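Chemist: For reference, this is final_29.pdb, and it has PDB, C-alpha atoms.
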ATOM      1  CA  MET A  24     240.948 117.157 111.028
ATOM      2  CA  ARG A  25     237.829 117.993 110.819
ATOM      3  CA  ARG A  26     237.435 117.424 114.526
ATOM      4  CA  LEU A  27     240.094 114.942 115.508
ATOM      5  CA  SER A  28     239.284 113.445 118.873
ATOM      6  CA  GLY A  29     236.075 114.905 120.149
ATOM      7  CA  TRP A  30     236.757 114.595 123.877
ATOM      8  CA  ALA A  31     237.120 118.343 124.325
ATOM      9  CA  LEU A  32     235.515 119.376 121.078
ATOM     10  CA  ALA A  33     233.732 122.595 120.179
ATOM     11  CA  THR A  34     234.809 123.111 116.579
ATOM     12  CA  LEU A  35     233.979 122.529 112.946
ATOM     13  CA  LEU A  36     237.476 122.105 111.556
ATOM     14  CA  LEU A  37     238.142 120.173 108.383
ATOM     15  CA  VAL A  38     241.281 119.209 106.513
ATOM     16  CA  ALA A  39     241.181 119.147 102.738
ATOM     17  CA  SER A  40     243.762 117.680 100.423
ATOM     18  CA  SER A  41     245.579 120.425  98.546
ATOM     19  CA  ALA A  42     248.274 123.008  99.164
ATOM     20  CA  TYR A  43     247.418 126.500 100.317
ATOM     21  CA  SER A  44     247.407 129.828  98.505
ATOM     22  CA  ALA A  45     248.215 133.011 100.399
ATOM     23  CA  GLU A  46     246.618 135.343  97.845
ATOM     24  CA  ASP A  47     244.134 137.743  99.418
ATOM     25  CA  VAL A  48     243.689 135.523 102.471
ATOM     26  CA  VAL A  49     242.916 138.409 104.803
ATOM     27  CA  GLU A  50     240.272 139.825 102.478
ATOM     28  CA  GLN A  51     238.810 136.382 101.913
ATOM     29  CA  GLY A  52     238.763 135.779 105.660
ATOM     30  CA  ARG A  53     237.080 139.094 106.374
ATOM     31  CA  LYS A  54     234.499 138.503 103.650
ATOM     32  CA  HIS A  55     233.485 135.042 104.814
ATOM     33  CA  ALA A  56     233.594 135.971 108.494
ATOM     34  CA  THR A  57     231.230 138.838 107.733
ATOM     35  CA  ASP A  58     229.034 136.578 105.605
ATOM     36  CA  PHE A  59     228.649 134.214 108.527
ATOM     37  CA  LEU A  60     228.099 136.846 111.182
ATOM     38  CA  ASP A  61     225.558 138.722 109.018
ATOM     39  CA  GLY A  62     223.706 135.541 108.086
ATOM     40  CA  ARG A  63     224.659 135.430 104.379
ATOM     41  CA  LEU A  64     225.076 131.696 104.630
ATOM     42  CA  ASP A  65     224.344 130.681 101.035
ATOM     43  CA  ALA A  66     227.429 132.588  99.918
ATOM     44  CA  MET A  67     229.544 130.990 102.616
ATOM     45  CA  TRP A  68     228.167 127.524 101.856
ATOM     46  CA  ASN A  69     228.964 127.855  98.158
ATOM     47  CA  ALA A  70     232.565 128.762  99.023
ATOM     48  CA  MET A  71     233.134 125.568 101.021
ATOM     49  CA  THR A  72     234.880 122.417  99.874
ATOM     50  CA  PRO A  73     232.746 119.270  99.457
ATOM     51  CA  ASP A  74     234.434 117.777 102.532
ATOM     52  CA  MET A  75     233.520 120.831 104.581
ATOM     53  CA  GLN A  76     229.925 120.674 103.376
ATOM     54  CA  ARG A  77     229.690 116.989 104.264
ATOM     55  CA  ALA A  78     231.009 117.674 107.752
ATOM     56  CA  ILE A  79     228.299 120.298 108.356
ATOM     57  CA  GLY A  80     225.453 118.505 106.586
ATOM     58  CA  ASN A  81     223.563 121.116 104.581
ATOM     59  CA  VAL A  82     222.745 124.825 104.479
ATOM     60  CA  ALA A  83     219.943 124.339 106.984
ATOM     61  CA  ASP A  84     222.445 122.869 109.460
ATOM     62  CA  LEU A  85     224.730 125.852 108.887
ATOM     63  CA  ARG A  86     221.792 128.184 109.555
ATOM     64  CA  ARG A  87     221.046 126.382 112.822
ATOM     65  CA  PHE A  88     224.694 126.704 113.809
ATOM     66  CA  HIS A  89     224.550 130.432 113.007
ATOM     67  CA  ARG A  90     221.439 130.853 115.168
ATOM     68  CA  ASP A  91     223.132 129.021 118.032
ATOM     69  CA  VAL A  92     226.209 131.255 117.787
ATOM     70  CA  GLU A  93     224.104 134.407 117.597
ATOM     71  CA  GLY A  94     221.962 133.302 120.540
ATOM     72  CA  GLN A  95     224.929 132.403 122.699
ATOM     73  CA  PHE A  96     227.389 135.184 121.869
ATOM     74  CA  GLY A  97     225.252 137.975 120.410
ATOM     75  CA  PRO A  98     226.540 140.299 117.679
ATOM     76  CA  GLU A  99     230.210 141.042 117.073
ATOM     77  CA  THR A 100     230.961 144.430 118.648
ATOM     78  CA  ASN A 101     234.687 145.014 118.094
ATOM     79  CA  VAL A 102     237.471 143.263 116.183
ATOM     80  CA  LEU A 103     240.435 143.015 118.537
ATOM     81  CA  SER A 104     242.913 141.370 116.188
ATOM     82  CA  GLU A 105     243.359 139.579 112.883
ATOM     83  CA  ARG A 106     246.260 137.343 111.960
ATOM     84  CA  LEU A 107     247.335 134.709 109.459
ATOM     85  CA  ASP A 108     248.797 131.322 110.146
ATOM     86  CA  GLU A 109     249.921 128.357 108.059
ATOM     87  CA  GLN A 110     248.893 124.878 109.169
ATOM     88  CA  ASP A 111     249.291 121.612 107.283
ATOM     89  CA  GLY A 112     249.400 123.322 103.890
ATOM     90  CA  PHE A 113     246.489 125.697 104.502
ATOM     91  CA  GLU A 114     246.269 129.445 104.998
ATOM     92  CA  ILE A 115     244.460 130.204 108.241
ATOM     93  CA  TYR A 116     242.617 133.442 109.000
ATOM     94  CA  LEU A 117     242.084 134.062 112.729
ATOM     95  CA  ARG A 118     239.859 136.888 113.965
ATOM     96  CA  THR A 119     239.455 137.672 117.675
ATOM     97  CA  SER A 120     236.556 139.931 118.624
ATOM     98  CA  THR A 121     234.276 140.998 121.444
ATOM     99  CA  TYR A 122     230.605 140.010 121.258
ATOM    100  CA  GLY A 123     227.548 141.508 122.878
ATOM    101  CA  LYS A 124     226.614 138.556 125.095
ATOM    102  CA  SER A 125     230.078 137.233 125.948
ATOM    103  CA  ASP A 126     232.320 138.378 128.785
ATOM    104  CA  ILE A 127     235.384 136.926 127.063
ATOM    105  CA  PRO A 128     236.651 137.374 123.482
ATOM    106  CA  ILE A 129     235.579 134.998 120.715
ATOM    107  CA  ILE A 130     237.914 133.587 118.074
ATOM    108  CA  LEU A 131     236.703 132.840 114.539
ATOM    109  CA  GLN A 132     238.969 130.750 112.319
ATOM    110  CA  LEU A 133     238.743 130.000 108.599
ATOM    111  CA  ALA A 134     241.087 127.697 106.683
ATOM    112  CA  PHE A 135     241.535 128.103 102.916
ATOM    113  CA  ASP A 136     242.818 125.582 100.398
ATOM    114  CA  SER A 137     244.785 126.348  97.227
ATOM    115  CA  ASN A 138     241.592 127.276  95.389
ATOM    116  CA  ASP A 139     240.626 129.804  98.098
ATOM    117  CA  ARG A 140     237.783 127.544  99.200
ATOM    118  CA  ILE A 141     236.813 127.194 102.843
ATOM    119  CA  ALA A 142     238.309 123.922 104.092
ATOM    120  CA  GLY A 143     237.879 124.569 107.822
ATOM    121  CA  PHE A 144     235.801 126.736 110.129
ATOM    122  CA  PHE A 145     235.249 127.208 113.837
ATOM    123  CA  ILE A 146     234.087 129.882 116.239
ATOM    124  CA  ARG A 147     234.473 129.593 120.006
ATOM    125  CA  PRO A 148     235.489 131.529 123.112
ATOM    126  CA  VAL A 149     239.199 132.146 123.589
ATOM    127  CA  GLN A 150     240.182 129.412 125.998
ATOM    128  CA  GLU A 151     242.943 129.189 128.559
ATOM    129  CA  PRO A 152     244.882 125.988 129.236
ATOM    130  CA  ALA A 153     243.629 123.988 132.200
ATOM    131  CA  LYS A 154     245.566 124.645 135.373
ATOM    132  CA  SER A 155     248.124 121.936 136.040
ATOM    133  CA  ARG A 156     250.471 121.097 138.889
ATOM    134  CA  PHE A 157     252.496 118.952 136.481
ATOM    135  CA  LEU A 158     254.024 121.555 134.179
ATOM    136  CA  GLU A 159     257.531 120.572 135.325
ATOM    137  CA  TYR A 160     256.771 116.840 135.428
ATOM    138  CA  ARG A 161     259.139 114.450 133.689
ATOM    139  CA  THR A 162     257.746 111.152 132.439
ATOM    140  CA  LYS A 163     258.685 108.274 134.774
ATOM    141  CA  SER A 164     258.536 105.493 132.198
ATOM    142  CA  ARG A 165     260.884 105.070 129.251
ATOM    143  CA  LEU A 166     258.318 106.229 126.736
ATOM    144  CA  HIS A 167     258.674 105.646 122.986
ATOM    145  CA  LEU A 168     256.402 106.470 120.074
ATOM    146  CA  PRO A 169     253.497 104.000 119.868
ATOM    147  CA  PHE A 170     253.822 103.320 116.135
ATOM    148  CA  GLU A 171     256.279 102.680 113.303
ATOM    149  CA  GLY A 172     257.058 104.873 110.329
ATOM    150  CA  ASP A 173     256.250 108.525 109.689
ATOM    151  CA  TRP A 174     253.238 110.034 111.488
ATOM    152  CA  PHE A 175     252.027 113.617 111.604
ATOM    153  CA  VAL A 176     251.358 115.476 114.865
ATOM    154  CA  TYR A 177     247.963 116.988 114.210
ATOM    155  CA  TRP A 178     247.463 118.224 117.769
ATOM    156  CA  GLY A 179     250.413 118.487 120.140
ATOM    157  CA  GLY A 180     251.934 121.144 122.355
ATOM    158  CA  ARG A 181     251.046 123.196 125.394
ATOM    159  CA  THR A 182     249.019 126.061 123.925
ATOM    160  CA  PRO A 183     245.422 126.193 122.651
ATOM    161  CA  GLU A 184     246.712 127.195 119.221
ATOM    162  CA  THR A 185     248.743 124.005 118.852
ATOM    163  CA  ASN A 186     246.621 121.637 120.897
ATOM    164  CA  TYR A 187     242.926 122.065 121.607
ATOM    165  CA  HIS A 188     243.145 119.338 124.287
ATOM    166  CA  VAL A 189     244.958 121.680 126.704
ATOM    167  CA  VAL A 190     241.699 123.141 128.016
ATOM    168  CA  ASP A 191     240.751 119.727 129.438
ATOM    169  CA  ARG A 192     242.270 118.805 132.817
ATOM    170  CA  ALA A 193     242.828 115.139 132.021
ATOM    171  CA  GLN A 194     244.022 115.692 128.436
ATOM    172  CA  ARG A 195     246.196 118.712 129.227
ATOM    173  CA  PHE A 196     249.175 117.219 127.330
ATOM    174  CA  ALA A 197     247.376 114.921 124.860
ATOM    175  CA  TYR A 198     248.279 114.182 121.233
ATOM    176  CA  ASP A 199     246.413 113.304 118.050
ATOM    177  CA  PHE A 200     248.456 111.514 115.380
ATOM    178  CA  VAL A 201     247.658 110.779 111.728
ATOM    179  CA  ILE A 202     249.602 109.772 108.620
ATOM    180  CA  MET A 203     249.870 112.394 105.884
ATOM    181  CA  HIS A 204     250.915 112.147 102.247
ATOM    182  CA  ASP A 205     251.191 115.233 100.040
ATOM    183  CA  GLY A 206     249.357 117.359 102.593
ATOM    184  CA  ALA A 207     246.376 115.015 102.982
ATOM    185  CA  SER A 208     245.418 112.363 105.519
ATOM    186  CA  HIS A 209     243.444 110.324 102.973
ATOM    187  CA  ARG A 210     243.181 109.202  99.374
ATOM    188  CA  GLY A 211     240.708 110.898  97.080
ATOM    189  CA  GLU A 212     237.778 112.521  98.854
ATOM    190  CA  GLY A 213     238.234 110.528 102.055
ATOM    191  CA  ALA A 214     234.637 109.299 102.042
ATOM    192  CA  ALA A 215     235.404 105.922 103.664
ATOM    193  CA  VAL A 216     237.581 105.003 106.631
ATOM    194  CA  GLN A 217     239.678 102.758 104.384
ATOM    195  CA  ASP A 218     240.749 105.874 102.449
ATOM    196  CA  TYR A 219     242.758 107.158 105.428
ATOM    197  CA  PHE A 220     246.442 106.365 105.483
ATOM    198  CA  CYS A 221     246.557 105.521 109.208
ATOM    199  CA  TRP A 222     243.534 103.200 109.069
ATOM    200  CA  ASP A 223     244.396  99.719 110.395
ATOM    201  CA  GLU A 224     248.010 100.649 111.154
ATOM    202  CA  PRO A 225     249.482  98.793 114.171
ATOM    203  CA  ILE A 226     249.417 100.654 117.480
ATOM    204  CA  ARG A 227     252.146  99.515 119.862
ATOM    205  CA  ALA A 228     252.883  99.698 123.575
ATOM    206  CA  PRO A 229     254.962 102.836 124.152
ATOM    207  CA  ALA A 230     256.655 101.279 127.189
ATOM    208  CA  ALA A 231     256.528  98.180 129.355
ATOM    209  CA  GLY A 232     253.488  98.059 131.603
ATOM    210  CA  GLU A 233     250.293  96.341 132.651
ATOM    211  CA  ILE A 234     246.993  96.538 130.797
ATOM    212  CA  VAL A 235     244.397  98.048 133.140
ATOM    213  CA  SER A 236     241.328  98.100 130.908
ATOM    214  CA  VAL A 237     240.258  97.444 127.338
ATOM    215  CA  VAL A 238     237.230  98.380 125.229
ATOM    216  CA  ASP A 239     237.062  96.584 121.872
ATOM    217  CA  THR A 240     233.410  96.163 120.812
ATOM    218  CA  LEU A 241     232.363  99.619 119.621
ATOM    219  CA  PRO A 242     231.732 100.148 115.896
ATOM    220  CA  ASP A 243     233.990 102.280 113.766
ATOM    221  CA  GLN A 244     232.118 105.420 112.773
ATOM    222  CA  LYS A 245     231.418 106.235 109.161
ATOM    223  CA  ILE A 246     233.041 109.455 108.009
ATOM    224  CA  GLY A 247     230.763 112.303 109.036
ATOM    225  CA  ARG A 248     229.396 110.498 112.114
ATOM    226  CA  THR A 249     230.649 110.532 115.701
ATOM    227  CA  ASP A 250     229.867 108.676 118.918
ATOM    228  CA  ALA A 251     229.718 111.262 121.706
ATOM    229  CA  ARG A 252     228.460 108.700 124.210
ATOM    230  CA  ASN A 253     231.717 106.745 123.944
ATOM    231  CA  PRO A 254     234.313 109.479 123.417
ATOM    232  CA  ALA A 255     237.420 107.268 123.582
ATOM    233  CA  GLY A 256     235.888 104.545 121.434
ATOM    234  CA  ASN A 257     237.803 101.288 121.499
ATOM    235  CA  HIS A 258     240.836 101.923 123.651
ATOM    236  CA  VAL A 259     243.532 100.572 125.923
ATOM    237  CA  VAL A 260     244.579 101.953 129.313
ATOM    238  CA  LEU A 261     248.135 100.936 130.188
ATOM    239  CA  LYS A 262     249.749 101.390 133.593
ATOM    240  CA  LEU A 263     253.341 102.480 133.044
ATOM    241  CA  ALA A 264     254.303 103.525 136.587
ATOM    242  CA  GLU A 265     252.660 104.626 139.811
ATOM    243  CA  GLU A 266     250.144 107.352 138.946
ATOM    244  CA  GLU A 267     251.222 107.252 135.290
ATOM    245  CA  TYR A 268     248.673 105.738 132.900
ATOM    246  CA  ALA A 269     248.639 105.839 129.103
ATOM    247  CA  PHE A 270     245.408 106.113 127.091
ATOM    248  CA  LEU A 271     245.488 104.938 123.455
ATOM    249  CA  ALA A 272     242.128 105.607 121.848
ATOM    250  CA  HIS A 273     239.931 105.286 118.727
ATOM    251  CA  MET A 274     241.131 101.814 117.775
ATOM    252  CA  ARG A 275     239.491  99.618 115.164
ATOM    253  CA  GLN A 276     236.659  97.395 116.379
ATOM    254  CA  GLY A 277     237.850  93.875 117.182
ATOM    255  CA  SER A 278     241.516  94.685 116.666
ATOM    256  CA  ILE A 279     242.750  94.927 120.253
ATOM    257  CA  MET A 280     245.076  92.036 121.051
ATOM    258  CA  VAL A 281     245.547  92.437 124.825
ATOM    259  CA  THR A 282     243.397  91.885 127.907
ATOM    260  CA  ALA A 283     243.137  93.498 131.330
ATOM    261  CA  GLY A 284     245.831  92.252 133.703
ATOM    262  CA  GLU A 285     248.234  91.308 130.914
ATOM    263  CA  LYS A 286     251.852  92.493 131.062
ATOM    264  CA  VAL A 287     253.261  93.936 127.853
ATOM    265  CA  SER A 288     256.687  94.962 126.639
ATOM    266  CA  ARG A 289     257.580  98.054 124.679
ATOM    267  CA  GLY A 290     256.695  97.571 121.042
ATOM    268  CA  ASP A 291     254.079  94.874 121.568
ATOM    269  CA  GLU A 292     251.109  95.359 119.281
ATOM    270  CA  LEU A 293     248.055  96.522 121.217
ATOM    271  CA  GLY A 294     245.605  96.893 118.350
ATOM    272  CA  ARG A 295     244.962  98.754 115.117
ATOM    273  CA  CYS A 296     244.206 102.381 114.365
ATOM    274  CA  GLY A 297     240.488 102.901 113.790
ATOM    275  CA  ASN A 298     237.666 105.404 113.857
ATOM    276  CA  SER A 299     235.629 104.438 116.914
ATOM    277  CA  GLY A 300     234.250 106.903 119.440
ATOM    278  CA  ASN A 301     233.868 110.658 119.171
ATOM    279  CA  THR A 302     236.157 111.167 116.200
ATOM    280  CA  SER A 303     235.537 112.323 112.667
ATOM    281  CA  GLU A 304     238.342 110.434 110.954
ATOM    282  CA  PRO A 305     240.826 107.646 111.763
ATOM    283  CA  HIS A 306     243.673 108.699 114.015
ATOM    284  CA  LEU A 307     245.422 107.777 117.257
ATOM    285  CA  HIS A 308     244.686 109.763 120.402
ATOM    286  CA  PHE A 309     247.374 109.410 123.089
ATOM    287  CA  HIS A 310     247.779 110.938 126.507
ATOM    288  CA  LEU A 311     249.156 110.249 129.982
ATOM    289  CA  GLN A 312     247.306 110.947 133.209
ATOM    290  CA  THR A 313     247.433 110.187 136.931
ATOM    291  CA  THR A 314     244.561 107.677 137.109
ATOM    292  CA  PRO A 315     243.062 104.951 134.887
ATOM    293  CA  GLU A 316     239.655 106.707 134.909
ATOM    294  CA  LEU A 317     239.382 109.606 132.510
ATOM    295  CA  ALA A 318     236.908 111.610 134.569
ATOM    296  CA  THR A 319     239.133 111.652 137.665
ATOM    297  CA  GLY A 320     242.640 112.036 136.273
ATOM    298  CA  GLU A 321     245.069 114.880 135.745
ATOM    299  CA  GLY A 322     247.062 115.061 132.538
ATOM    300  CA  LEU A 323     250.811 114.426 132.537
ATOM    301  CA  PRO A 324     253.463 115.549 130.033
ATOM    302  CA  ALA A 325     254.560 112.749 127.708
ATOM    303  CA  PHE A 326     258.280 112.957 126.960
ATOM    304  CA  PHE A 327     259.204 110.455 124.251
ATOM    305  CA  LEU A 328     262.691 108.993 123.859
ATOM    306  CA  ASP A 329     264.829 108.668 120.754
ATOM    307  CA  TYR A 330     262.659 109.815 117.866
ATOM    308  CA  VAL A 331     263.054 111.896 114.713
ATOM    309  CA  ALA A 332     261.042 115.084 114.202
ATOM    310  CA  ASP A 333     261.253 116.736 110.775
ATOM    311  CA  ASP A 334     264.504 114.828 110.132
ATOM    312  CA  ALA A 335     266.155 115.992 113.381
ATOM    313  CA  ARG A 336     266.963 113.316 115.938
ATOM    314  CA  ILE A 337     265.439 114.063 119.347
ATOM    315  CA  PRO A 338     266.936 112.226 122.357
ATOM    316  CA  VAL A 339     263.961 113.166 124.540
ATOM    317  CA  GLY A 340     261.154 115.601 123.842
ATOM    318  CA  GLU A 341     257.506 116.498 123.401
ATOM    319  CA  PRO A 342     256.333 116.337 119.766
ATOM    320  CA  GLN A 343     254.746 119.534 118.508
ATOM    321  CA  ARG A 344     251.855 120.241 116.163
ATOM    322  CA  GLY A 345     252.915 120.120 112.526
ATOM    323  CA  GLU A 346     255.929 117.843 112.985
ATOM    324  CA  ILE A 347     256.459 114.606 111.094
ATOM    325  CA  ILE A 348     257.835 112.099 113.587
ATOM    326  CA  ARG A 349     259.074 108.513 113.598
ATOM    327  CA  PRO A 350     261.105 106.237 115.885
ATOM    328  CA  ALA A 351     264.850 106.797 115.378
ATOM    329  CA  ARG A 352     265.760 103.118 114.934
ATOM    330  CA  GLY A 353     269.536 103.585 114.878
ATOM    331  CA  GLU A 354     269.623 106.720 112.730
TER     332      GLU A 354
END
Give the structure from the file, written as structure tokens.
Modeler:
Amino acid sequence: MRRLSGWALATLLLVASSAYSAEDVVEQGRKHATDFLDGRLDAMWNAMTPDMQRAIGNVADLRRFHRDVEGQFGPETNVLSERLDEQDGFEIYLRTSTYGKSDIPIILQLAFDSNDRIAGFFIRPVQEPAKSRFLEYRTKSRLHLPFEGDWFVYWGGRTPETNYHVVDRAQRFAYDFVIMHDGASHRGEGAAVQDYFCWDEPIRAPAAGEIVSVVDTLPDQKIGRTDARNPAGNHVVLKLAEEEYAFLAHMRQGSIMVTAGEKVSRGDELGRCGNSGNTSEPHLHFHLQTTPELATGEGLPAFFLDYVADDARIPVGEPQRGEIIRPARGE
């Protein structure tokens, strides 16, 4: 979403608000990829959605980004593969190539809306998931979804394609959740945080535990701004079991209702969904790890109990990117 949860961020990815069109996606992708790589940036800029343009800033910012890419990776030398994907109602063109200054392949991704306009763009090295000794780990606590109603799994899964967090050791199994209606996470153009459907929604304790730490004083970022110095923003760290800590991040300033040392039960309200920290739009970031300090922890799989994913009841599972999920509540 644009850049949902910037903790491990190296992308310019933006969600627009309309359904996709598959017509000539490969040719469109090739054209705009070539425009970018050859420096024809006015043409690429004019093909972007207003949301995409706002996320970048202006043509001069796009030119600086192009210079950075060219300086870091060098020229494209060989296209290794091209493929199409469908994500959240968009057609996605993915192009993996070798570059003159890079020892590893580079992936370029373009997302197109129903008007064939560029609604998302990133270019970065192909990344491998962080090594983990917890791939077979089963969650100790009786973990439930930390919200009510239908939410969309924007990032979730164990591969870089489904979850950009996997390259980060602590966030190896993290999730980003939003609320979507008709393929969009916001009303209208999404210019204000109040336009986003998940804004100010209650965030609840996913299991019984003890509050370890709370941050509640950071401002919510305006759309288009981020706070890289405070990546988690306002957040709660909850101890669920020995060496099993939950991080719930990007909450609304002043909304957190718990304090360090407090015991909570499953379902207790912790705070409200916000847009604080290194995030480009309101959403909930959630992950489990082995310690209460982000810089020192290792990520743990989060297996949730008794939820519905795309209308199928799941007794226990890991939500995946693209699913609409909700607590089962006797279904």
Chemist: Determine the residue set returned by the PyMOL selection byres ((chain A and resi 329) around 7) for the present structure, and present it as a PDB file with C-alpha atoms, in the coordinates of the input.
Modeler:
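Output (out_11.pdb):
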ATOM      1  CA  PHE A 327     259.204 110.455 124.251  1.00  0.00           C
ATOM      2  CA  LEU A 328     262.691 108.993 123.859  1.00  0.00           C
ATOM      3  CA  TYR A 330     262.659 109.815 117.866  1.00  0.00           C
ATOM      4  CA  ILE A 337     265.439 114.063 119.347  1.00  0.00           C
ATOM      5  CA  PRO A 338     266.936 112.226 122.357  1.00  0.00           C
ATOM      6  CA  VAL A 339     263.961 113.166 124.540  1.00  0.00           C
ATOM      7  CA  PRO A 350     261.105 106.237 115.885  1.00  0.00           C
ATOM      8  CA  ALA A 351     264.850 106.797 115.378  1.00  0.00           C
TER       9      ALA A 351
END
Chemist: Distance atom CA of Gln95 of chain A-atom CA of Ile79 of chain A, one decimal place?
Modeler: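 If I compute the distance from atom CA of Gln95 of chain A to atom CA of Ile79 of chain A, I get 19.1 Å.
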Chemist: Which of these residues is nearest to Pro183 of chain A, using all atoms listed in the file: A:Asn301, A:Thr249, A:Asn81, A:Gln150?
Modeler: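 Of all the options, A:Gln150 lies closest to Pro183 of chain A.
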Chemist: Quick one: distance from atom CA of Phe145 of chain A to atom CA of Thr302 of chain A in Å, one decimal?
Modeler: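 Atom CA of Thr302 of chain A lies 16.2 Å from atom CA of Phe145 of chain A.
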Chemist: Here is a test: counting only C-alpha atoms, which residue of A:Ala193, A:Val216, A:Val92, A:Ile141 is nearest to Ser155 of chain A?
Modeler: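 Looking only at the distances to Ser155 of chain A, the closest residue turns out to be A:Ala193.
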Chemist: Fix up segment 83-99 of chain A with N, CA, C and O atoms, then write it as a tab-separated table (two decimals), in the coordinates of the input.
Modeler:
chain	number	residue	atom	x	y	z
A	83	ALA	N	220.83	124.21	105.82
A	83	ALA	CA	219.94	124.34	106.98
A	83	ALA	C	220.71	124.10	108.29
A	83	ALA	O	220.48	124.78	109.29
A	84	ASP	N	221.63	123.12	108.27
A	84	ASP	CA	222.44	122.87	109.46
A	84	ASP	C	223.36	124.06	109.75
A	84	ASP	O	223.57	124.42	110.92
A	85	LEU	N	223.90	124.67	108.70
A	85	LEU	CA	224.73	125.85	108.89
A	85	LEU	C	223.91	127.00	109.46
A	85	LEU	O	224.38	127.75	110.33
A	86	ARG	N	222.67	127.13	109.01
A	86	ARG	CA	221.79	128.18	109.56
A	86	ARG	C	221.50	127.94	111.04
A	86	ARG	O	221.48	128.88	111.84
A	87	ARG	N	221.28	126.69	111.41
A	87	ARG	CA	221.05	126.38	112.82
A	87	ARG	C	222.28	126.71	113.65
A	87	ARG	O	222.17	127.24	114.77
A	88	PHE	N	223.46	126.37	113.11
A	88	PHE	CA	224.69	126.70	113.81
A	88	PHE	C	224.83	128.22	113.98
A	88	PHE	O	225.19	128.71	115.06
A	89	HIS	N	224.50	128.98	112.93
A	89	HIS	CA	224.55	130.43	113.01
A	89	HIS	C	223.60	130.96	114.09
A	89	HIS	O	223.96	131.84	114.87
A	90	ARG	N	222.40	130.41	114.15
A	90	ARG	CA	221.44	130.85	115.17
A	90	ARG	C	221.96	130.54	116.57
A	90	ARG	O	221.79	131.34	117.50
A	91	ASP	N	222.57	129.38	116.73
A	91	ASP	CA	223.13	129.02	118.03
A	91	ASP	C	224.23	130.00	118.44
A	91	ASP	O	224.29	130.43	119.61
A	92	VAL	N	225.12	130.32	117.50
A	92	VAL	CA	226.21	131.26	117.79
A	92	VAL	C	225.65	132.63	118.15
A	92	VAL	O	226.06	133.25	119.13
A	93	GLU	N	224.70	133.09	117.36
A	93	GLU	CA	224.10	134.41	117.60
A	93	GLU	C	223.38	134.44	118.94
A	93	GLU	O	223.47	135.42	119.68
A	94	GLY	N	222.67	133.35	119.27
A	94	GLY	CA	221.96	133.30	120.54
A	94	GLY	C	222.89	133.25	121.73
A	94	GLY	O	222.60	133.83	122.79
A	95	GLN	N	224.01	132.56	121.58
A	95	GLN	CA	224.93	132.40	122.70
A	95	GLN	C	225.85	133.61	122.88
A	95	GLN	O	226.06	134.07	124.01
A	96	PHE	N	226.39	134.13	121.77
A	96	PHE	CA	227.39	135.18	121.87
A	96	PHE	C	226.85	136.58	121.57
A	96	PHE	O	227.45	137.58	121.98
A	97	GLY	N	225.74	136.67	120.84
A	97	GLY	CA	225.25	137.98	120.41
A	97	GLY	C	226.03	138.49	119.22
A	97	GLY	O	226.83	137.77	118.61
A	98	PRO	N	225.85	139.75	118.85
A	98	PRO	CA	226.54	140.30	117.68
A	98	PRO	C	228.00	140.64	117.98
A	98	PRO	O	228.37	140.91	119.13
A	99	GLU	N	228.83	140.58	116.95
A	99	GLU	CA	230.21	141.04	117.07
A	99	GLU	C	230.20	142.55	117.31
A	99	GLU	O	229.54	143.30	116.60
